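Okay, entry-v1.txt now, which holds compact mmCIF, N, CA and C atoms and all ligand atoms:
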```txt
# COMPACT_ATOMS: atom_id res chain seq x y z
N MET A 1 -24.51 74.53 20.95
CA MET A 1 -25.18 73.27 21.27
C MET A 1 -25.06 72.95 22.75
N THR A 2 -26.11 72.50 23.33
CA THR A 2 -26.06 72.09 24.74
C THR A 2 -26.00 70.57 24.82
N GLU A 3 -25.69 70.10 26.01
CA GLU A 3 -25.58 68.66 26.20
C GLU A 3 -26.92 67.95 26.01
N ASP A 4 -28.00 68.69 26.24
CA ASP A 4 -29.33 68.09 26.12
C ASP A 4 -29.56 67.44 24.76
N ILE A 5 -28.95 68.03 23.78
CA ILE A 5 -29.13 67.53 22.43
C ILE A 5 -28.68 66.07 22.32
N TYR A 6 -27.67 65.74 23.12
CA TYR A 6 -27.12 64.38 23.03
C TYR A 6 -27.71 63.43 24.07
N SER A 7 -28.60 63.93 24.90
CA SER A 7 -29.15 63.11 25.97
C SER A 7 -30.37 62.31 25.51
N TYR A 8 -30.36 61.04 25.85
CA TYR A 8 -31.49 60.18 25.47
C TYR A 8 -31.94 59.38 26.67
N ASP A 9 -33.24 59.14 26.73
CA ASP A 9 -33.79 58.31 27.79
C ASP A 9 -33.72 56.84 27.39
N VAL A 10 -33.14 56.05 28.27
CA VAL A 10 -33.11 54.60 28.01
C VAL A 10 -33.59 53.89 29.28
N LYS A 11 -33.85 52.61 29.13
CA LYS A 11 -34.36 51.82 30.25
C LYS A 11 -33.38 50.69 30.54
N CYS A 12 -33.06 50.52 31.82
CA CYS A 12 -32.16 49.42 32.20
C CYS A 12 -32.86 48.09 31.91
N ARG A 13 -32.13 47.21 31.27
CA ARG A 13 -32.70 45.93 30.87
C ARG A 13 -32.98 45.02 32.07
N THR A 14 -32.24 45.24 33.12
CA THR A 14 -32.42 44.38 34.29
C THR A 14 -33.51 44.90 35.22
N CYS A 15 -33.39 46.16 35.66
CA CYS A 15 -34.32 46.65 36.68
C CYS A 15 -35.37 47.60 36.12
N ARG A 16 -35.32 47.86 34.83
CA ARG A 16 -36.29 48.70 34.12
C ARG A 16 -36.26 50.17 34.55
N THR A 17 -35.26 50.58 35.31
CA THR A 17 -35.15 51.97 35.70
C THR A 17 -34.79 52.81 34.47
N LYS A 18 -35.43 53.97 34.38
CA LYS A 18 -35.10 54.86 33.26
C LYS A 18 -33.91 55.73 33.65
N PHE A 19 -33.01 55.91 32.74
CA PHE A 19 -31.90 56.84 32.99
C PHE A 19 -31.46 57.47 31.67
N LYS A 20 -30.65 58.51 31.80
CA LYS A 20 -30.22 59.23 30.60
C LYS A 20 -28.83 58.80 30.16
N VAL A 21 -28.64 58.73 28.87
CA VAL A 21 -27.30 58.47 28.35
C VAL A 21 -26.99 59.56 27.33
N GLN A 22 -25.71 59.78 27.12
CA GLN A 22 -25.31 60.75 26.11
C GLN A 22 -24.73 60.02 24.93
N LEU A 23 -25.26 60.33 23.78
CA LEU A 23 -24.82 59.68 22.55
C LEU A 23 -24.40 60.76 21.55
N PHE A 24 -23.36 60.46 20.80
CA PHE A 24 -22.79 61.51 19.97
C PHE A 24 -22.78 61.19 18.48
N GLU A 25 -23.57 60.22 18.08
CA GLU A 25 -23.69 59.93 16.65
C GLU A 25 -24.77 60.85 16.08
N SER A 26 -25.18 60.59 14.86
CA SER A 26 -26.28 61.37 14.30
C SER A 26 -27.54 61.04 15.08
N HIS A 27 -28.48 61.96 15.06
CA HIS A 27 -29.71 61.76 15.83
C HIS A 27 -30.39 60.45 15.43
N GLU A 28 -30.40 60.18 14.17
CA GLU A 28 -31.05 58.97 13.67
C GLU A 28 -30.37 57.70 14.23
N LYS A 29 -29.06 57.71 14.17
CA LYS A 29 -28.31 56.56 14.67
C LYS A 29 -28.49 56.43 16.18
N ASN A 30 -28.52 57.57 16.87
CA ASN A 30 -28.73 57.55 18.31
C ASN A 30 -30.06 56.90 18.68
N LEU A 31 -31.09 57.27 17.93
CA LEU A 31 -32.42 56.70 18.20
C LEU A 31 -32.40 55.19 17.99
N PHE A 32 -31.67 54.80 16.98
CA PHE A 32 -31.52 53.37 16.70
C PHE A 32 -30.84 52.67 17.88
N LEU A 33 -29.76 53.28 18.37
CA LEU A 33 -29.02 52.70 19.50
C LEU A 33 -29.89 52.62 20.76
N VAL A 34 -30.62 53.71 21.00
CA VAL A 34 -31.49 53.75 22.18
C VAL A 34 -32.47 52.58 22.14
N ASP A 35 -32.92 52.31 20.95
CA ASP A 35 -33.93 51.26 20.76
C ASP A 35 -33.32 49.86 20.80
N LYS A 36 -32.19 49.69 20.14
CA LYS A 36 -31.67 48.34 19.92
C LYS A 36 -30.65 47.85 20.94
N LYS A 37 -29.92 48.79 21.51
CA LYS A 37 -28.85 48.36 22.41
C LYS A 37 -29.40 47.93 23.76
N TYR A 38 -28.70 47.00 24.40
CA TYR A 38 -29.09 46.64 25.76
C TYR A 38 -28.43 47.62 26.71
N TRP A 39 -29.26 48.31 27.48
CA TRP A 39 -28.73 49.30 28.42
C TRP A 39 -28.82 48.78 29.84
N TYR A 40 -27.81 49.09 30.61
CA TYR A 40 -27.82 48.71 32.01
C TYR A 40 -27.45 49.92 32.86
N CYS A 41 -28.20 50.15 33.93
CA CYS A 41 -27.91 51.29 34.80
C CYS A 41 -26.62 50.99 35.57
N GLU A 42 -26.06 52.02 36.17
CA GLU A 42 -24.79 51.89 36.89
C GLU A 42 -24.88 50.83 37.99
N LYS A 43 -26.01 50.83 38.69
CA LYS A 43 -26.18 49.91 39.81
C LYS A 43 -26.15 48.46 39.31
N CYS A 44 -26.91 48.19 38.26
CA CYS A 44 -26.97 46.82 37.74
C CYS A 44 -25.63 46.43 37.13
N LYS A 45 -24.97 47.39 36.53
CA LYS A 45 -23.65 47.12 35.94
C LYS A 45 -22.69 46.69 37.04
N LYS A 46 -22.73 47.42 38.15
CA LYS A 46 -21.86 47.11 39.28
C LYS A 46 -22.17 45.72 39.82
N GLU A 47 -23.46 45.44 39.97
CA GLU A 47 -23.90 44.13 40.46
C GLU A 47 -23.39 43.02 39.55
N TYR A 48 -23.53 43.29 38.25
CA TYR A 48 -23.13 42.29 37.26
C TYR A 48 -21.64 41.98 37.38
N PHE A 49 -20.82 43.04 37.49
CA PHE A 49 -19.38 42.81 37.58
C PHE A 49 -19.01 42.12 38.89
N LYS A 50 -19.75 42.47 39.94
CA LYS A 50 -19.48 41.84 41.23
C LYS A 50 -19.76 40.34 41.14
N LYS A 51 -20.86 40.01 40.49
CA LYS A 51 -21.25 38.61 40.35
C LYS A 51 -20.24 37.87 39.47
N GLN A 52 -19.87 38.52 38.38
CA GLN A 52 -18.92 37.93 37.45
C GLN A 52 -17.58 37.67 38.16
N THR A 53 -17.15 38.65 38.94
CA THR A 53 -15.90 38.51 39.67
C THR A 53 -15.99 37.36 40.67
N ALA A 54 -17.10 37.30 41.39
CA ALA A 54 -17.29 36.25 42.39
C ALA A 54 -17.22 34.87 41.73
N GLU A 55 -17.83 34.76 40.56
CA GLU A 55 -17.83 33.48 39.85
C GLU A 55 -16.42 33.08 39.43
N LEU A 56 -15.68 34.06 38.92
CA LEU A 56 -14.30 33.78 38.50
C LEU A 56 -13.43 33.39 39.70
N VAL A 57 -13.60 34.13 40.80
CA VAL A 57 -12.82 33.85 42.00
C VAL A 57 -13.06 32.41 42.45
N GLU A 58 -14.31 32.00 42.41
CA GLU A 58 -14.67 30.64 42.80
C GLU A 58 -14.01 29.62 41.88
N GLU A 59 -14.08 29.89 40.60
CA GLU A 59 -13.48 29.02 39.60
C GLU A 59 -11.97 28.88 39.85
N HIS A 60 -11.32 30.01 40.14
CA HIS A 60 -9.88 30.01 40.35
C HIS A 60 -9.49 29.33 41.66
N GLN A 61 -10.37 29.48 42.65
CA GLN A 61 -10.10 28.83 43.93
C GLN A 61 -10.05 27.32 43.77
N ALA A 62 -10.91 26.83 42.90
CA ALA A 62 -10.98 25.38 42.67
C ALA A 62 -9.67 24.84 42.10
N ILE A 63 -8.89 25.71 41.44
CA ILE A 63 -7.61 25.24 40.90
C ILE A 63 -6.43 25.85 41.67
N GLY A 64 -6.68 26.24 42.90
CA GLY A 64 -5.59 26.61 43.79
C GLY A 64 -5.21 28.07 43.88
N PHE A 65 -6.03 28.96 43.32
CA PHE A 65 -5.70 30.38 43.39
C PHE A 65 -6.45 31.06 44.54
N ALA A 66 -5.74 31.94 45.22
CA ALA A 66 -6.31 32.61 46.39
C ALA A 66 -7.06 33.88 46.00
N ASP A 67 -7.73 34.46 46.97
CA ASP A 67 -8.36 35.77 46.77
C ASP A 67 -7.28 36.81 46.51
N LEU A 68 -7.65 37.85 45.78
CA LEU A 68 -6.69 38.91 45.50
C LEU A 68 -6.92 40.10 46.44
N GLU A 69 -5.82 40.83 46.67
CA GLU A 69 -5.91 42.01 47.53
C GLU A 69 -5.81 43.26 46.69
N GLY A 70 -6.58 44.26 47.07
CA GLY A 70 -6.57 45.53 46.36
C GLY A 70 -7.95 46.15 46.41
N SER A 71 -8.11 47.29 45.75
CA SER A 71 -9.42 47.93 45.74
C SER A 71 -10.38 47.05 44.95
N GLN A 72 -11.66 47.23 45.19
CA GLN A 72 -12.66 46.38 44.55
C GLN A 72 -12.53 46.44 43.02
N LYS A 73 -12.32 47.63 42.54
CA LYS A 73 -12.22 47.82 41.10
C LYS A 73 -11.00 47.09 40.52
N MET A 74 -9.89 47.24 41.24
CA MET A 74 -8.64 46.61 40.83
C MET A 74 -8.76 45.09 40.88
N VAL A 75 -9.37 44.58 41.94
CA VAL A 75 -9.51 43.14 42.09
C VAL A 75 -10.38 42.58 40.96
N SER A 76 -11.46 43.26 40.65
CA SER A 76 -12.35 42.72 39.63
C SER A 76 -11.66 42.73 38.26
N TRP A 77 -10.83 43.72 38.02
CA TRP A 77 -10.05 43.76 36.77
C TRP A 77 -9.00 42.64 36.77
N ALA A 78 -8.31 42.53 37.91
CA ALA A 78 -7.23 41.55 38.03
C ALA A 78 -7.73 40.12 37.88
N VAL A 79 -8.90 39.86 38.44
CA VAL A 79 -9.46 38.50 38.37
C VAL A 79 -9.77 38.14 36.92
N LYS A 80 -10.25 39.13 36.17
CA LYS A 80 -10.56 38.90 34.76
C LYS A 80 -9.28 38.61 33.98
N ILE A 81 -8.25 39.37 34.27
CA ILE A 81 -6.94 39.16 33.62
C ILE A 81 -6.41 37.78 33.99
N ARG A 82 -6.52 37.44 35.27
CA ARG A 82 -6.02 36.15 35.73
C ARG A 82 -6.71 35.02 34.96
N GLY A 83 -8.01 35.16 34.75
CA GLY A 83 -8.75 34.16 33.99
C GLY A 83 -8.20 34.01 32.58
N GLU A 84 -7.92 35.14 31.95
CA GLU A 84 -7.39 35.10 30.59
C GLU A 84 -6.00 34.48 30.56
N MET A 85 -5.21 34.79 31.58
CA MET A 85 -3.84 34.26 31.63
C MET A 85 -3.83 32.75 31.89
N ILE A 86 -4.74 32.31 32.74
CA ILE A 86 -4.84 30.87 33.00
C ILE A 86 -5.26 30.14 31.71
N SER A 87 -6.14 30.77 30.95
CA SER A 87 -6.55 30.18 29.66
C SER A 87 -5.36 30.03 28.72
N LYS A 88 -4.47 31.01 28.76
CA LYS A 88 -3.27 30.95 27.90
C LYS A 88 -2.40 29.77 28.30
N VAL A 89 -2.28 29.54 29.61
CA VAL A 89 -1.49 28.41 30.09
C VAL A 89 -2.12 27.10 29.62
N ASP A 90 -3.43 27.01 29.77
CA ASP A 90 -4.15 25.80 29.33
C ASP A 90 -3.95 25.56 27.84
N TYR A 91 -4.04 26.64 27.09
CA TYR A 91 -3.88 26.54 25.65
C TYR A 91 -2.49 26.01 25.30
N LEU A 92 -1.48 26.59 25.96
CA LEU A 92 -0.11 26.18 25.70
C LEU A 92 0.10 24.72 26.07
N LYS A 93 -0.41 24.35 27.23
CA LYS A 93 -0.23 22.99 27.73
C LYS A 93 -0.85 21.98 26.75
N LYS A 94 -2.00 22.33 26.23
CA LYS A 94 -2.69 21.42 25.31
C LYS A 94 -2.03 21.34 23.94
N SER A 95 -1.30 22.38 23.60
CA SER A 95 -0.71 22.42 22.25
C SER A 95 0.61 21.66 22.17
N LEU A 96 1.15 21.26 23.33
CA LEU A 96 2.45 20.58 23.32
C LEU A 96 2.34 19.10 22.97
N LYS A 97 3.36 18.64 22.23
CA LYS A 97 3.43 17.21 21.88
C LYS A 97 4.72 16.64 22.50
N PHE A 98 4.65 15.40 22.93
CA PHE A 98 5.82 14.80 23.58
C PHE A 98 6.24 13.51 22.91
N GLU A 99 7.56 13.28 22.98
CA GLU A 99 8.09 12.07 22.37
C GLU A 99 7.83 10.85 23.24
N ASN A 100 7.82 11.07 24.55
CA ASN A 100 7.58 9.93 25.45
C ASN A 100 6.96 10.40 26.76
N ASP A 101 6.58 9.43 27.58
CA ASP A 101 5.90 9.74 28.85
C ASP A 101 6.78 10.54 29.79
N GLY A 102 8.09 10.24 29.76
CA GLY A 102 9.02 10.96 30.63
C GLY A 102 9.02 12.45 30.33
N ALA A 103 9.06 12.78 29.06
CA ALA A 103 9.06 14.19 28.64
C ALA A 103 7.77 14.86 29.05
N LYS A 104 6.68 14.12 28.94
CA LYS A 104 5.38 14.68 29.32
C LYS A 104 5.31 14.92 30.83
N ALA A 105 5.83 13.95 31.60
CA ALA A 105 5.81 14.09 33.06
C ALA A 105 6.63 15.30 33.50
N LEU A 106 7.78 15.49 32.85
CA LEU A 106 8.63 16.63 33.19
C LEU A 106 7.91 17.95 32.86
N SER A 107 7.28 17.97 31.73
CA SER A 107 6.55 19.16 31.32
C SER A 107 5.39 19.44 32.28
N ASP A 108 4.65 18.40 32.64
CA ASP A 108 3.54 18.58 33.59
C ASP A 108 4.04 19.15 34.91
N LYS A 109 5.18 18.65 35.33
CA LYS A 109 5.76 19.12 36.60
C LYS A 109 6.13 20.61 36.49
N ALA A 110 6.73 20.96 35.37
CA ALA A 110 7.12 22.36 35.16
C ALA A 110 5.89 23.27 35.14
N PHE A 111 4.83 22.83 34.52
CA PHE A 111 3.60 23.63 34.50
C PHE A 111 3.03 23.80 35.90
N GLU A 112 3.11 22.71 36.66
CA GLU A 112 2.60 22.75 38.02
C GLU A 112 3.38 23.78 38.85
N MET A 113 4.71 23.77 38.68
CA MET A 113 5.55 24.72 39.41
C MET A 113 5.30 26.15 38.93
N PHE A 114 5.09 26.26 37.65
CA PHE A 114 4.80 27.58 37.07
C PHE A 114 3.52 28.14 37.68
N LEU A 115 2.47 27.32 37.72
CA LEU A 115 1.20 27.78 38.29
C LEU A 115 1.34 28.11 39.77
N ARG A 116 2.22 27.37 40.44
CA ARG A 116 2.42 27.65 41.86
C ARG A 116 3.02 29.05 42.04
N GLU A 117 3.89 29.43 41.13
CA GLU A 117 4.44 30.81 41.18
C GLU A 117 3.31 31.83 41.08
N TRP A 118 2.40 31.57 40.17
CA TRP A 118 1.27 32.49 39.97
C TRP A 118 0.33 32.49 41.17
N GLN A 119 0.17 31.31 41.77
CA GLN A 119 -0.76 31.20 42.90
C GLN A 119 -0.28 32.03 44.09
N GLU A 120 1.02 32.33 44.11
CA GLU A 120 1.55 33.15 45.21
C GLU A 120 1.30 34.64 44.97
N LYS A 121 0.89 34.99 43.76
CA LYS A 121 0.64 36.41 43.45
C LYS A 121 -0.76 36.78 43.88
N THR A 122 -0.86 37.35 45.06
CA THR A 122 -2.18 37.69 45.58
C THR A 122 -2.46 39.19 45.56
N ASP A 123 -1.50 39.95 45.04
CA ASP A 123 -1.70 41.39 44.92
C ASP A 123 -2.34 41.66 43.55
N ALA A 124 -3.53 42.23 43.58
CA ALA A 124 -4.26 42.48 42.32
C ALA A 124 -3.39 43.24 41.33
N LYS A 125 -2.59 44.15 41.85
CA LYS A 125 -1.75 44.99 40.98
C LYS A 125 -0.79 44.15 40.14
N TRP A 126 -0.29 43.06 40.72
CA TRP A 126 0.66 42.22 39.98
C TRP A 126 0.02 41.72 38.69
N TRP A 127 -1.23 41.31 38.77
CA TRP A 127 -1.93 40.76 37.60
C TRP A 127 -2.18 41.83 36.56
N VAL A 128 -2.53 43.01 37.05
CA VAL A 128 -2.78 44.12 36.13
C VAL A 128 -1.47 44.50 35.42
N ASP A 129 -0.38 44.51 36.21
CA ASP A 129 0.93 44.86 35.63
C ASP A 129 1.39 43.83 34.60
N HIS A 130 0.97 42.57 34.77
CA HIS A 130 1.43 41.50 33.87
C HIS A 130 0.39 41.10 32.84
N ARG A 131 -0.59 41.97 32.61
CA ARG A 131 -1.69 41.59 31.73
C ARG A 131 -1.27 41.35 30.29
N ARG A 132 -0.11 41.85 29.90
CA ARG A 132 0.32 41.65 28.51
C ARG A 132 1.15 40.38 28.32
N MET A 133 1.33 39.63 29.37
CA MET A 133 2.09 38.39 29.28
C MET A 133 1.39 37.46 28.27
N ASN A 134 2.15 37.00 27.28
CA ASN A 134 1.52 36.17 26.26
C ASN A 134 1.99 34.72 26.35
N VAL A 135 1.47 33.92 25.44
CA VAL A 135 1.77 32.48 25.46
C VAL A 135 3.28 32.25 25.36
N ARG A 136 3.95 33.09 24.56
CA ARG A 136 5.40 32.91 24.39
C ARG A 136 6.15 33.19 25.70
N ASP A 137 5.72 34.22 26.42
CA ASP A 137 6.35 34.54 27.72
C ASP A 137 6.16 33.38 28.69
N ILE A 138 4.95 32.84 28.67
CA ILE A 138 4.64 31.73 29.58
C ILE A 138 5.51 30.53 29.23
N SER A 139 5.58 30.24 27.92
CA SER A 139 6.37 29.10 27.45
C SER A 139 7.83 29.24 27.87
N LYS A 140 8.34 30.46 27.76
CA LYS A 140 9.74 30.72 28.12
C LYS A 140 9.98 30.41 29.59
N ARG A 141 9.09 30.88 30.43
CA ARG A 141 9.24 30.66 31.87
C ARG A 141 9.11 29.17 32.21
N VAL A 142 8.18 28.48 31.56
CA VAL A 142 8.00 27.05 31.81
C VAL A 142 9.29 26.30 31.42
N GLU A 143 9.88 26.72 30.30
CA GLU A 143 11.13 26.09 29.86
C GLU A 143 12.23 26.30 30.89
N GLU A 144 12.31 27.52 31.42
CA GLU A 144 13.33 27.83 32.45
C GLU A 144 13.17 26.92 33.65
N ILE A 145 11.92 26.77 34.06
CA ILE A 145 11.63 25.92 35.22
C ILE A 145 12.03 24.48 34.91
N LYS A 146 11.69 24.04 33.70
CA LYS A 146 11.98 22.67 33.29
C LYS A 146 13.47 22.39 33.39
N GLU A 147 14.27 23.38 32.95
CA GLU A 147 15.72 23.20 32.99
C GLU A 147 16.26 23.15 34.39
N SER A 148 15.56 23.82 35.33
CA SER A 148 16.05 23.88 36.70
C SER A 148 15.61 22.66 37.52
N VAL A 149 14.69 21.87 36.97
CA VAL A 149 14.18 20.71 37.72
C VAL A 149 15.28 19.65 37.83
ZN ZN B 1 -30.70 48.59 36.49
```
Using structure tokens, write down the structure that the file contains.
Ligand SMILES: [Zn+2]
Amino acid sequence: MTEDIYSYDVKCRTCRTKFKVQLFESHEKNLFLVDKKYWYCEKCKKEYFKKQTAELVEEHQAIGFADLEGSQKMVSWAVKIRGEMISKVDYLKKSLKFENDGAKALSDKAFEMFLREWQEKTDAKWWVDHRRMNVRDISKRVEEIKESV
């Protein structure tokens, strides 16, 4: 068998450029995919990720996060991770209940300090390395900060 057997012509949904893709399902299923799936050429894919990254960076800047350093690929991955991690913090913050205003103020302060620690992380690699940090890890660190206040 040659590779040609798996090659199919598809059209980029954005720029309508035709390009070839390799599909490895049954011929029938491949034809279905060629027809039904949204295909994007490499160029448009790159543009899309660049735009998506730029939008996230802007969003993060508004809440005090700086640009990240690293290769373009690494930065775009890191920014996406950072977005997910910030969502985890928001989720945790919203899920907490307080007995009184004082407890809430202390917690808010701890979250603020916690985010400040993250805002200092401008190396894209740091975010990629910490991508598995979950809500429990975040909660633990916030508690540590709270105790040190
Ligand atoms: Zn395209």
Taking all atoms listed in the file into account, name the residue in A:Arg16, A:Lys37, A:Lys29, A:Arg141 that is nearest to A:Ala110. A:Arg141
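The coordinates place atom CA of A:Val149 at 27.6 Å from atom CA of A:Asp129.
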Please, what is the axis-aligned box for every listed atom of stretch 44-47 of chain A with 4 Å on each side, as centre and edge lengths in Å to one decimal, as AutoDock Vina command-line options?
```
--center_x -24.4 --center_y 45.6 --center_z 38.2 --size_x 13.1 --size_y 13.2 --size_z 12.5
```
Taking only N, CA and C atoms and all ligand atoms and a cut-off of 7 Å, can you tell me which residues surround ligand ZN 1 (chain B), written as a PDB file with N, CA and C atoms, in the frame of the given file?
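Once written, part_3.pdb looks like this:
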```
ATOM      1  N   LYS A  11     -33.850  52.610  29.130  1.00  0.00           N
ATOM      2  CA  LYS A  11     -34.360  51.820  30.250  1.00  0.00           C
ATOM      3  C   LYS A  11     -33.380  50.690  30.540  1.00  0.00           C
ATOM      4  N   CYS A  12     -33.060  50.520  31.820  1.00  0.00           N
ATOM      5  CA  CYS A  12     -32.160  49.420  32.200  1.00  0.00           C
ATOM      6  C   CYS A  12     -32.860  48.090  31.910  1.00  0.00           C
ATOM      7  N   ARG A  13     -32.130  47.210  31.270  1.00  0.00           N
ATOM      8  CA  ARG A  13     -32.700  45.930  30.870  1.00  0.00           C
ATOM      9  C   ARG A  13     -32.980  45.020  32.070  1.00  0.00           C
ATOM     10  N   THR A  14     -32.240  45.240  33.120  1.00  0.00           N
ATOM     11  CA  THR A  14     -32.420  44.380  34.290  1.00  0.00           C
ATOM     12  C   THR A  14     -33.510  44.900  35.220  1.00  0.00           C
ATOM     13  N   CYS A  15     -33.390  46.160  35.660  1.00  0.00           N
ATOM     14  CA  CYS A  15     -34.320  46.650  36.680  1.00  0.00           C
ATOM     15  C   CYS A  15     -35.370  47.600  36.120  1.00  0.00           C
ATOM     16  N   ARG A  16     -35.320  47.860  34.830  1.00  0.00           N
ATOM     17  CA  ARG A  16     -36.290  48.700  34.120  1.00  0.00           C
ATOM     18  C   ARG A  16     -36.260  50.170  34.550  1.00  0.00           C
ATOM     19  N   THR A  17     -35.260  50.580  35.310  1.00  0.00           N
ATOM     20  CA  THR A  17     -35.150  51.970  35.700  1.00  0.00           C
ATOM     21  C   THR A  17     -34.790  52.810  34.470  1.00  0.00           C
ATOM     22  N   TRP A  39     -29.260  48.310  27.480  1.00  0.00           N
ATOM     23  CA  TRP A  39     -28.730  49.300  28.420  1.00  0.00           C
ATOM     24  C   TRP A  39     -28.820  48.780  29.840  1.00  0.00           C
ATOM     25  N   TYR A  40     -27.810  49.090  30.610  1.00  0.00           N
ATOM     26  CA  TYR A  40     -27.820  48.710  32.010  1.00  0.00           C
ATOM     27  C   TYR A  40     -27.450  49.920  32.860  1.00  0.00           C
ATOM     28  N   CYS A  41     -28.200  50.150  33.930  1.00  0.00           N
ATOM     29  CA  CYS A  41     -27.910  51.290  34.800  1.00  0.00           C
ATOM     30  C   CYS A  41     -26.620  50.990  35.570  1.00  0.00           C
ATOM     31  N   GLU A  42     -26.060  52.020  36.170  1.00  0.00           N
ATOM     32  CA  GLU A  42     -24.790  51.890  36.890  1.00  0.00           C
ATOM     33  C   GLU A  42     -24.880  50.830  37.990  1.00  0.00           C
ATOM     34  N   LYS A  43     -26.010  50.830  38.690  1.00  0.00           N
ATOM     35  CA  LYS A  43     -26.180  49.910  39.810  1.00  0.00           C
ATOM     36  C   LYS A  43     -26.150  48.460  39.310  1.00  0.00           C
ATOM     37  N   CYS A  44     -26.910  48.190  38.260  1.00  0.00           N
ATOM     38  CA  CYS A  44     -26.970  46.820  37.740  1.00  0.00           C
ATOM     39  C   CYS A  44     -25.630  46.430  37.130  1.00  0.00           C
ATOM     40  N   LYS A  45     -24.970  47.390  36.530  1.00  0.00           N
ATOM     41  CA  LYS A  45     -23.650  47.120  35.940  1.00  0.00           C
ATOM     42  C   LYS A  45     -22.690  46.690  37.040  1.00  0.00           C
TER      43      LYS A  45
END
```
Picked from stretch 19-82 of chain A by DSSP as helix (DSSP H, G or I), as a ChimeraX atom specification: /A:27-36,42-62,72-82
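Atom CA of A:Lys50 is positioned 21.4 Å from atom C of A:Lys18.
Among the candidate residues A:Arg82, A:Val142, A:Lys94, A:Glu69, the one lying nearest to A:Thr122 is A:Glu69, with distances computed using only N, CA and C atoms.
Between atom CA of A:Phe24 and atom CA of A:Tyr6 the interatomic distance comes to 6.0 Å.
Candidate residues A:Met85, A:Ile5, A:Leu56, A:Val10 were compared for distance to A:His27, and the nearest is A:Ile5, using only C-alpha atoms.
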Of A:Ile145, A:Ser71, A:Ile63, A:Ser7, the one nearest to A:Lys109 when counting only C-alpha atoms is A:Ile145
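Residues in contact with A:Leu92 at up to 8 Å, not including ones fewer than 6 positions away on its chain and judged by only N, CA and C atoms, are Ile86, Val135, Ile138 and Ser139 of chain A.
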Would you write out those residues with N, CA and C atoms, as an mmCIF file, in the frame of the given file?
```cif
data_model
loop_
_atom_site.group_PDB
_atom_site.id
_atom_site.type_symbol
_atom_site.label_atom_id
_atom_site.label_comp_id
_atom_site.auth_asym_id
_atom_site.auth_seq_id
_atom_site.Cartn_x
_atom_site.Cartn_y
_atom_site.Cartn_z
ATOM 1 N N ILE A 86 -4.740 32.310 32.740
ATOM 2 C CA ILE A 86 -4.840 30.870 33.000
ATOM 3 C C ILE A 86 -5.260 30.140 31.710
ATOM 4 N N VAL A 135 1.470 33.920 25.440
ATOM 5 C CA VAL A 135 1.770 32.480 25.460
ATOM 6 C C VAL A 135 3.280 32.250 25.360
ATOM 7 N N ILE A 138 4.950 32.840 28.670
ATOM 8 C CA ILE A 138 4.640 31.730 29.580
ATOM 9 C C ILE A 138 5.510 30.530 29.230
ATOM 10 N N SER A 139 5.580 30.240 27.920
ATOM 11 C CA SER A 139 6.370 29.100 27.450
ATOM 12 C C SER A 139 7.830 29.240 27.870
#
```
Considering only C-alpha atoms, can you say which of A:Lys73, A:Gln22, A:Lys88, A:Ala66 comes closest to A:Lys46? A:Lys73
Selection near A:Ala78, 6.5 Å with only N, CA and C atoms, sequence-local residues under 4 positions removed, as a PyMOL selection string: chain A and resi 73-74+82-83+124+127-128
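Within chain A, DSSP run on the backbone puts these residues in strand (DSSP E): Ser7, Tyr8, Asp9, Val10, Lys11, Lys18, Phe19, Lys20, Val21 and Gln22 of chain A.
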